[in-house]
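The next block is target.txt, given as compact mmCIF, C-alpha atoms.
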# COMPACT_ATOMS: atom_id res chain seq x y z
CA MET I 1296 -6.98 4.50 26.11
CA LYS I 1297 -9.97 2.36 25.33
CA LYS I 1298 -9.76 0.21 22.23
CA LEU I 1299 -13.13 0.26 20.49
CA THR I 1300 -14.93 -2.95 19.55
CA LEU I 1301 -17.49 -3.75 16.89
CA GLN I 1302 -20.14 -3.62 19.60
CA ASP I 1303 -19.03 -0.06 20.41
CA LEU I 1304 -19.43 0.74 16.75
CA ARG I 1305 -22.96 -0.72 16.66
CA ASP I 1306 -23.92 1.35 19.71
CA LEU I 1307 -22.51 4.51 18.16
CA ARG I 1308 -24.42 3.83 14.98
CA GLU I 1309 -27.69 3.46 16.87
CA ARG I 1310 -27.16 6.74 18.72
CA LYS I 1311 -26.18 8.46 15.51
CA LYS I 1312 -29.32 7.21 13.76
CA ALA I 1313 -31.43 8.87 16.41
CA GLU I 1314 -29.48 12.10 15.92
CA ILE I 1315 -29.86 12.00 12.13
CA ALA I 1316 -33.59 11.30 12.36
CA ARG I 1317 -34.00 14.75 13.92
CA ARG I 1318 -32.42 16.49 10.92
CA ASP I 1319 -33.98 17.47 7.61
CA THR I 1320 -32.19 15.51 4.91
CA SER I 1321 -34.63 16.68 2.22
CA GLY I 1322 -35.29 13.14 1.05
CA LYS I 1323 -33.02 13.37 -1.99
CA THR I 1324 -30.87 10.58 -3.24
CA GLY I 1325 -27.57 11.20 -4.94
CA GLU I 1326 -24.14 9.87 -5.63
CA VAL I 1327 -20.63 11.22 -5.26
CA ILE I 1328 -18.21 9.15 -7.33
CA ILE I 1329 -14.53 9.84 -6.76
CA GLY I 1330 -11.93 8.87 -9.36
CA MET I 1331 -9.41 6.74 -7.54
CA GLY I 1332 -7.22 5.58 -10.39
CA THR I 1333 -3.45 5.96 -10.34
CA CYS I 1334 -3.75 9.58 -11.43
CA GLY I 1335 -6.41 10.35 -8.83
CA ILE I 1336 -4.52 8.75 -5.95
CA ALA I 1337 -1.32 10.54 -6.97
CA ALA I 1338 -3.15 13.87 -7.16
CA GLY I 1339 -4.72 13.58 -3.71
CA ALA I 1340 -8.10 11.94 -4.30
CA ARG I 1341 -7.98 10.40 -0.85
CA ALA I 1342 -8.03 13.86 0.71
CA ALA I 1343 -11.10 14.66 -1.37
CA PHE I 1344 -12.70 11.36 -0.33
CA ASP I 1345 -12.06 12.13 3.35
CA ALA I 1346 -13.49 15.64 2.96
CA PHE I 1347 -16.66 14.37 1.24
CA VAL I 1348 -17.24 11.77 3.94
CA GLU I 1349 -16.66 14.30 6.71
CA GLU I 1350 -18.83 17.04 5.21
CA LEU I 1351 -21.70 14.73 4.19
CA ASP I 1352 -21.61 13.15 7.63
CA LYS I 1353 -21.58 16.57 9.29
CA GLY I 1354 -24.66 17.56 7.29
CA GLY I 1355 -26.43 14.28 8.05
CA LEU I 1356 -26.83 13.70 4.32
CA THR I 1357 -27.63 10.03 4.60
CA HIS I 1358 -29.17 9.79 1.15
CA VAL I 1359 -25.98 10.63 -0.68
CA VAL I 1360 -23.84 7.62 -1.48
CA VAL I 1361 -20.07 7.92 -1.69
CA LYS I 1362 -18.41 5.66 -4.24
CA GLN I 1363 -15.00 5.35 -5.78
CA THR I 1364 -14.10 4.39 -9.29
CA GLY I 1365 -11.01 4.11 -11.46
CA CYS I 1366 -9.62 6.71 -13.82
CA MET I 1367 -12.30 8.82 -15.55
CA GLY I 1368 -9.93 9.78 -18.35
CA LEU I 1369 -9.39 13.35 -17.15
CA CYS I 1370 -5.94 12.75 -15.67
CA TYR I 1371 -4.90 16.37 -16.23
CA SER I 1372 -7.62 17.59 -13.88
CA GLU I 1373 -7.36 15.08 -11.04
CA PRO I 1374 -8.77 14.59 -8.53
CA THR I 1375 -11.99 14.26 -10.50
CA VAL I 1376 -15.39 13.65 -8.98
CA GLU I 1377 -18.75 12.98 -10.56
CA VAL I 1378 -21.81 14.20 -8.68
CA ARG I 1379 -25.27 12.91 -9.50
CA MET I 1380 -28.21 14.55 -7.79
CA PRO I 1381 -31.90 14.41 -8.70
CA GLY I 1382 -32.97 17.40 -10.77
CA MET I 1383 -29.42 18.34 -11.69
CA PRO I 1384 -27.13 17.27 -14.52
CA ALA I 1385 -24.59 14.56 -13.81
CA THR I 1386 -21.54 16.76 -13.33
CA VAL I 1387 -17.84 15.97 -13.42
CA TYR I 1388 -15.71 18.25 -11.28
CA GLY I 1389 -11.95 18.57 -11.65
CA THR I 1390 -9.08 19.57 -9.35
CA VAL I 1391 -11.21 18.69 -6.37
CA THR I 1392 -9.13 19.46 -3.30
CA ALA I 1393 -10.54 18.94 0.18
CA ASP I 1394 -11.77 22.54 0.22
CA VAL I 1395 -13.46 22.14 -3.16
CA ALA I 1396 -15.05 18.89 -1.95
CA ARG I 1397 -16.59 20.74 0.98
CA LYS I 1398 -17.79 23.47 -1.39
CA ILE I 1399 -19.41 20.87 -3.67
CA VAL I 1400 -21.32 19.41 -0.72
CA ASN I 1401 -22.57 22.79 0.43
CA GLU I 1402 -23.29 24.34 -2.96
CA HIS I 1403 -24.11 21.50 -5.36
CA ILE I 1404 -25.64 18.94 -3.02
CA LEU I 1405 -27.25 21.17 -0.43
CA ALA I 1406 -28.04 24.36 -2.38
CA GLY I 1407 -28.51 22.87 -5.87
CA ARG I 1408 -25.97 25.20 -7.53
CA LEU I 1409 -23.09 24.02 -9.70
CA VAL I 1410 -19.60 24.95 -8.53
CA GLY I 1411 -18.90 26.60 -11.87
CA ASP I 1412 -15.14 27.08 -11.69
CA HIS I 1413 -14.51 23.36 -11.21
CA VAL I 1414 -16.95 21.90 -13.75
CA PHE I 1415 -15.01 19.88 -16.31
CA ASP I 1416 -17.87 18.14 -18.04
CA LYS I 1417 -19.99 20.97 -19.36
CA PRO I 1418 -23.68 20.72 -18.63
CA ALA I 1419 -26.30 20.89 -21.35
CA ALA I 1420 -27.45 24.33 -22.58
CA ASP I 1421 -30.81 24.03 -20.85
CA ILE I 1422 -29.20 24.05 -17.42
CA ALA I 1423 -26.76 26.87 -18.24
CA PRO I 1424 -28.76 29.39 -16.15
CA THR I 1425 -28.19 27.15 -13.13
CA LEU I 1426 -24.47 27.20 -13.87
CA ALA I 1427 -24.53 30.98 -14.20
CA ARG I 1428 -26.14 31.29 -10.78
CA GLY I 1429 -23.54 28.98 -9.31
CA ALA I 1430 -20.52 30.62 -10.92
CA LYS I 1431 -18.73 33.51 -9.31
CA MET P 741 3.87 9.53 -8.53
CA HIS P 742 2.32 8.63 -5.21
CA GLY P 743 3.35 10.54 -2.14
CA THR P 744 3.17 7.89 0.57
CA VAL P 745 3.52 4.14 1.02
CA SER P 746 -0.14 3.98 2.01
CA ASP P 747 -0.98 5.28 -1.48
CA PHE P 748 0.84 2.27 -2.95
CA LEU P 749 -1.46 0.05 -0.93
CA VAL P 750 -4.60 1.75 -2.23
CA GLU P 751 -3.24 1.44 -5.75
CA LEU P 752 -2.74 -2.32 -5.43
CA ALA P 753 -6.16 -2.79 -3.83
CA GLN P 754 -7.87 -0.74 -6.54
CA ASN P 755 -6.44 -3.14 -9.14
CA ALA P 756 -7.85 -6.12 -7.24
CA PHE P 757 -11.30 -4.55 -7.02
CA GLU P 758 -11.27 -3.61 -10.71
CA ALA P 759 -10.35 -7.20 -11.55
CA GLY P 760 -13.72 -8.22 -10.16
CA ALA P 761 -12.36 -10.31 -7.30
CA PRO P 762 -15.11 -11.54 -4.94
CA ALA P 763 -12.74 -11.39 -1.96
CA VAL P 764 -9.56 -9.49 -1.20
CA VAL P 765 -7.25 -9.96 1.76
CA VAL P 766 -4.78 -7.23 2.66
CA ASP P 767 -1.84 -7.54 5.05
CA VAL P 768 0.02 -4.46 6.25
CA ILE P 769 2.88 -5.28 8.57
CA GLU P 770 5.36 -2.88 10.15
CA ARG P 771 8.36 -4.25 12.00
CA GLY P 772 10.53 -1.44 13.26
CA ARG P 773 10.98 0.76 10.18
CA GLY P 774 10.29 -2.14 7.82
CA ILE P 775 6.99 -2.16 5.92
CA GLU P 776 5.48 -5.22 4.22
CA VAL P 777 2.29 -5.03 2.22
CA CYS P 778 0.43 -7.82 0.45
CA VAL P 779 -2.86 -7.68 -1.46
CA ALA P 780 -4.25 -11.10 -2.38
CA ASP P 781 -7.43 -11.61 -4.36
CA ASP P 782 -9.43 -14.55 -5.64
CA GLY P 783 -10.15 -12.90 -8.98
CA PRO P 784 -9.66 -14.45 -12.41
CA GLY P 785 -5.86 -14.26 -12.19
CA MET P 786 -3.46 -13.83 -15.10
CA ASP P 787 -1.48 -16.16 -17.31
CA GLU P 788 2.28 -15.75 -17.31
CA ALA P 789 2.39 -13.54 -20.40
CA THR P 790 -0.23 -11.17 -18.98
CA ARG P 791 1.46 -11.16 -15.57
CA ARG P 792 4.72 -10.01 -17.16
CA ARG P 793 2.93 -7.33 -19.18
CA ALA P 794 1.13 -6.04 -16.09
CA LEU P 795 4.36 -4.26 -15.18
CA ASP P 796 4.53 -2.61 -18.59
CA PRO P 797 3.26 0.99 -18.33
CA PHE P 798 1.88 0.74 -21.85
CA PHE P 799 -0.37 -2.19 -21.00
CA SER P 800 -3.76 -2.23 -19.33
CA ALA P 801 -6.00 -5.25 -18.80
CA PRO P 802 -8.45 -5.72 -21.69
CA GLY P 803 -11.80 -4.19 -20.89
CA LYS P 804 -10.53 -2.19 -17.93
CA HIS P 805 -10.19 1.05 -19.84
CA PRO P 806 -11.58 0.52 -23.32
CA GLY P 807 -9.54 2.40 -25.91
CA ARG P 808 -6.63 3.08 -23.61
CA ARG P 809 -3.22 1.51 -23.76
CA VAL P 810 -1.62 2.64 -20.55
CA GLY P 811 -1.70 1.18 -17.06
CA LEU P 812 0.63 3.02 -14.75
CA GLY P 813 -0.36 1.77 -11.31
CA LEU P 814 1.75 -1.36 -10.90
CA PRO P 815 4.79 0.01 -12.79
CA PHE P 816 4.79 3.14 -10.61
CA VAL P 817 4.66 1.11 -7.41
CA GLU P 818 7.34 -1.30 -8.61
CA GLN P 819 9.60 1.59 -9.59
CA ALA P 820 9.09 3.50 -6.34
CA VAL P 821 9.75 0.40 -4.26
CA ALA P 822 12.90 -0.39 -6.26
CA GLN P 823 14.14 3.19 -5.79
CA ALA P 824 13.78 2.73 -2.05
CA GLY P 825 15.78 -0.50 -2.16
CA GLY P 826 12.73 -2.67 -1.53
CA THR P 827 11.35 -5.80 -3.15
CA PHE P 828 8.21 -6.17 -5.24
CA ASP P 829 6.41 -9.39 -6.04
CA LEU P 830 3.52 -10.21 -8.35
CA ALA P 831 2.22 -13.78 -8.43
CA SER P 832 -0.79 -14.87 -10.42
CA ALA P 833 -2.29 -17.80 -12.24
CA PRO P 834 -5.53 -18.21 -14.19
CA GLY P 835 -8.28 -19.24 -11.81
CA ALA P 836 -6.02 -18.91 -8.79
CA GLY P 837 -6.22 -15.18 -8.17
CA THR P 838 -3.43 -12.67 -7.85
CA SER P 839 -1.13 -11.78 -5.01
CA VAL P 840 0.89 -8.59 -5.20
CA GLY P 841 3.03 -7.05 -2.54
CA PHE P 842 6.19 -5.28 -1.59
CA ALA P 843 8.58 -4.84 1.28
CA LEU P 844 10.76 -1.85 1.97
CA ASP P 845 12.79 -0.19 4.65
CA GLY P 846 10.98 2.95 5.74
CA ALA P 847 14.30 4.37 6.92
CA HIS P 848 15.77 4.28 3.39
CA ILE P 849 16.51 7.79 2.22
CA ASP P 850 14.36 7.31 -0.89
CA ALA P 851 11.43 5.68 0.89
CA PRO P 852 8.34 7.85 0.93
CA PRO P 853 6.66 8.47 4.29
CA ALA P 854 4.30 5.70 5.43
CA GLY P 855 1.31 8.04 5.24
CA ASP P 856 -2.17 7.67 6.63
CA TRP P 857 -2.84 3.94 7.10
CA ALA P 858 -6.27 4.53 8.63
CA GLY P 859 -7.31 6.67 5.68
CA ALA P 860 -6.01 4.08 3.23
CA ILE P 861 -7.91 1.29 4.97
CA VAL P 862 -11.18 3.26 5.03
CA SER P 863 -10.73 4.17 1.37
CA MET P 864 -10.23 0.49 0.51
CA LEU P 865 -13.30 -0.50 2.53
CA ALA P 866 -15.39 2.02 0.58
CA MET P 867 -13.93 0.78 -2.72
CA ALA P 868 -14.74 -2.79 -1.75
CA ALA P 869 -18.32 -1.83 -0.91
CA GLY P 870 -18.74 -0.13 -4.29
CA ALA P 871 -17.26 -3.13 -6.09
CA GLY P 872 -19.26 -5.70 -4.14
CA THR P 873 -16.03 -7.26 -2.87
CA ALA P 874 -15.48 -8.73 0.59
CA LEU P 875 -12.36 -7.14 2.06
CA ARG P 876 -10.40 -8.23 5.09
CA VAL P 877 -7.45 -6.20 6.35
CA HIS P 878 -4.87 -7.60 8.74
CA ARG P 879 -2.76 -4.91 10.32
CA MET P 880 0.29 -5.55 12.45
CA ARG P 881 2.83 -3.25 14.03
CA ASP P 882 5.61 -5.00 15.90
CA GLU P 883 3.81 -7.17 18.47
CA ARG P 884 0.35 -5.60 18.17
CA SER P 885 -2.30 -6.36 15.59
CA TYR P 886 -5.93 -5.93 14.62
CA ALA P 887 -8.16 -6.99 11.77
CA VAL P 888 -11.19 -5.44 10.10
CA ALA P 889 -13.59 -7.08 7.68
CA SER P 890 -15.95 -5.20 5.39
CA ASP P 891 -18.90 -7.51 6.05
CA GLU P 892 -18.59 -7.21 9.83
CA LEU P 893 -18.24 -3.44 9.68
CA ALA P 894 -21.23 -3.15 7.33
CA GLU P 895 -23.26 -5.26 9.72
CA ALA P 896 -22.33 -2.90 12.54
CA VAL P 897 -22.77 0.51 10.87
CA GLY P 898 -24.63 -0.04 7.60
CA PRO P 899 -23.50 0.13 3.98
CA LEU P 900 -19.91 1.32 3.60
CA THR P 901 -20.97 3.72 0.85
CA ASP P 902 -22.87 5.81 3.38
CA ALA P 903 -20.93 8.84 4.61
CA GLY P 904 -22.17 8.44 8.16
CA ALA P 905 -21.10 4.80 8.23
CA LEU P 906 -17.72 5.67 6.72
CA ALA P 907 -17.17 8.43 9.28
CA LEU P 908 -17.77 5.93 12.07
CA VAL P 909 -15.49 3.37 10.43
CA ARG P 910 -12.81 6.02 10.05
CA MET P 911 -13.03 6.76 13.76
CA PHE P 912 -12.93 3.02 14.54
CA VAL P 913 -9.87 2.35 12.38
CA GLU P 914 -8.07 5.43 13.75
CA ASN P 915 -8.75 4.06 17.22
CA GLN P 916 -7.28 0.67 16.25
CA GLU P 917 -4.25 2.41 14.76
CA SER P 918 -3.76 4.42 17.96
CA ALA P 919 -3.83 1.18 19.93
CA LEU P 920 -1.23 -0.28 17.54
CA ALA P 921 1.00 2.69 18.11
CA GLY P 922 0.55 2.40 21.89
CA ASP P 923 -0.63 5.97 21.73
CA GLY P 924 -2.19 6.93 25.05
CA GLY P 925 -3.04 10.51 24.14
CA THR P 926 -6.49 10.02 22.63
CA ASP P 927 -9.58 9.97 24.75
CA ASP P 928 -11.72 7.68 22.62
CA MET P 929 -14.85 8.13 24.65
CA ASP P 930 -14.79 11.87 24.04
CA LEU P 931 -14.30 11.18 20.35
CA ALA P 932 -17.10 8.63 20.32
CA THR P 933 -19.45 10.96 22.14
CA ARG P 934 -18.76 13.78 19.68
CA HIS P 935 -19.64 11.46 16.80
CA ALA P 936 -22.79 10.09 18.35
CA GLY P 937 -24.06 13.45 19.50
CA ALA P 938 -24.96 11.90 22.85
CA ALA P 939 -23.22 10.80 26.00
CA GLY P 940 -23.15 7.30 27.40
CA ASP P 941 -21.33 4.02 27.68
CA ALA P 942 -19.71 2.84 24.45
CA GLY P 943 -20.53 -0.81 25.01
CA ALA P 944 -18.78 -4.11 25.43
CA ALA P 945 -15.26 -4.66 26.63
CA PRO P 946 -12.66 -4.64 23.87
CA ARG P 947 -11.02 -7.76 22.56
CA GLU P 948 -7.44 -7.73 21.42
CA ASP P 949 -8.36 -8.20 17.75
CA GLY P 950 -10.83 -5.32 17.79
CA ARG P 951 -13.90 -7.53 17.38
Take the structure I supplied and represent it as structure tokens, if you would.
Amino acid sequence: MKKLTLQDLRDLRERKKAEIARRDTSGKTGEVIIGMGTCGIAAGARAAFDAFVEELDKGGLTHVVVKQTGCMGLCYSEPTVEVRMPGMPATVYGTVTADVARKIVNEHILAGRLVGDHVFDKPAADIAPTLARGAK
Amino acid sequence: MHGTVSDFLVELAQNAFEAGAPAVVVDVIERGRGIEVCVADDGPGMDEATRRRALDPFFSAPGKHPGRRVGLGLPFVEQAVAQAGGTFDLASAPGAGTSVGFALDGAHIDAPPAGDWAGAIVSMLAMAAGAGTALRVHRMRDERSYAVASDELAEAVGPLTDAGALALVRMFVENQESALAGDGGTDDMDLATRHAGAAGDAGAAPREDGR
């Protein structure tokens, strides 16, 4: 088994950059903020974090930043995640399992539709039609 | 309550980042079934009265969660470690930072499983990046060891808030963990090639400390 070095990592990054440059990342900038307080960690926020990283990386979504924060005050609905994308309301999702995290990437971030059954911070009335389109 | 010992580590690190420490050093040492974890920061530190109250579940540092009066992280970890027959230590002084850690026997019947150390380390690196904190992690398992530093990793792959960078770091840390375990089953070059989307040589010869 070969133990990787930092130089290996730099080389991989360079090759990956070339790969990403060939994809359409739509030029948007956004943030995924994962609640990693005691409640979040206990409820499995790290699995959600891993799923976001994996799915965003898979989609080459280099303009979406992944951050972690402390408790968002919604301990009953952990793991909670706030998603901020241009042209969409800042949205807090609750009970974000790994599967839900992948759904948020594909529906909210890529398709611009809210994942209605996991929205915990209700959006304003003027974006309700968007929610309706996103809800099942 | 947290499910694994690696969750305890993330909990302690999260406290250090939230305290606004410029630098955090984490040690995770496994000797046989024994696990020792220490998180040391150079943050503002606590006076003795605050240090004692930090283990009170109905206390949270002023300003951390305005309007809230609970802080369950440290008490949960202390309780879980005690249940597993381990030891917990919290040392702090104003201006001198805080050092918090625990030691437990992973073979104890009430000890939680160790969990995903690589995942915990990557999560801490991402937290550190978001908090603007320099993080260094020393990892040891019996006679083997490696170290990762957030500034060196960021220099190699870019900001550690970028999913692509984090995916590469995850692969890197998993590789270091496999080497710690003496695990010969992973073909790292195949893994590296899948990530890069291209074939080729992965670069310089490895050094024992992973740098």
Please provide the set of residues having any atom within 7 Å of I:Val1361, restricted to only C-alpha atoms, with same-chain residues fewer than 3 positions apart removed, written as a list in words.
-> Glu1326, Val1327 and Ile1328 of chain I; Thr901, Asp902 and Ala903 of chain P
Between atom CA of P:Val888 and atom CA of P:Arg876, what is the spacing in Å?
->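 Taking atom CA of P:Arg876 as the start and atom CA of P:Val888 as the end point, the length is 5.8 Å.
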Considering all atoms listed in the file, return as a VMD selection string whatever protein or nucleic-acid residues lie within 7 Å of stretch 1372-1377 of chain I, sequence-local ones (same chain, fewer than 5 positions apart) excluded.
-> chain I and resid 1327 to 1330 1334 to 1335 1338 to 1340 1385 to 1391
Using all atoms listed in the file, determine which residues of chain I fall within 7 Å of chain P; present them as an MDAnalysis selection string.
-> chainID I and resid 1296:1308 1310:1311 1314 1333 1336:1337 1348:1349 1351:1352 1357 1360:1363
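Take atom CA of I:Leu1356 and atom CA of P:Ile861: the distance between them is 22.6 Å.
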Which residue out of I:Met1331, I:Val1400, I:Ala1393, I:Met1367 has the minimum interatomic distance to I:Glu1350 when all atoms listed in the file are used?
->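 Residue with the minimum atom-to-atom distance to I:Glu1350: I:Val1400.
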With only C-alpha atoms counted, which protein, DNA or RNA residues have an atom no more than 10 Å from (-26.3, 22.8, -5.8) in the file frame? Please answer as a ChimeraX atom specification.
-> /I:1380,1382-1383,1398-1410,1425-1426,1428-1429
How many Å separate atom CA of P:Asp787 from atom CA of P:Thr838?
-> 10.3 Å
Local residues around (-12.6, 16.3, -1.3), at most 6 Å away, using only C-alpha atoms, as a list in words =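 Those residues lying close to the given coordinates are Ala1342, Ala1343, Phe1344, Ala1346, Phe1347, Val1391, Thr1392, Ala1393 and Ala1396 of chain I.
Minimum atom-to-atom distances from P:Ile849, P:Ala858, P:Leu875, P:Pro784 to I:Asp1345 were compared using all atoms listed in the file, and the lowest value belongs to P:Ala858.
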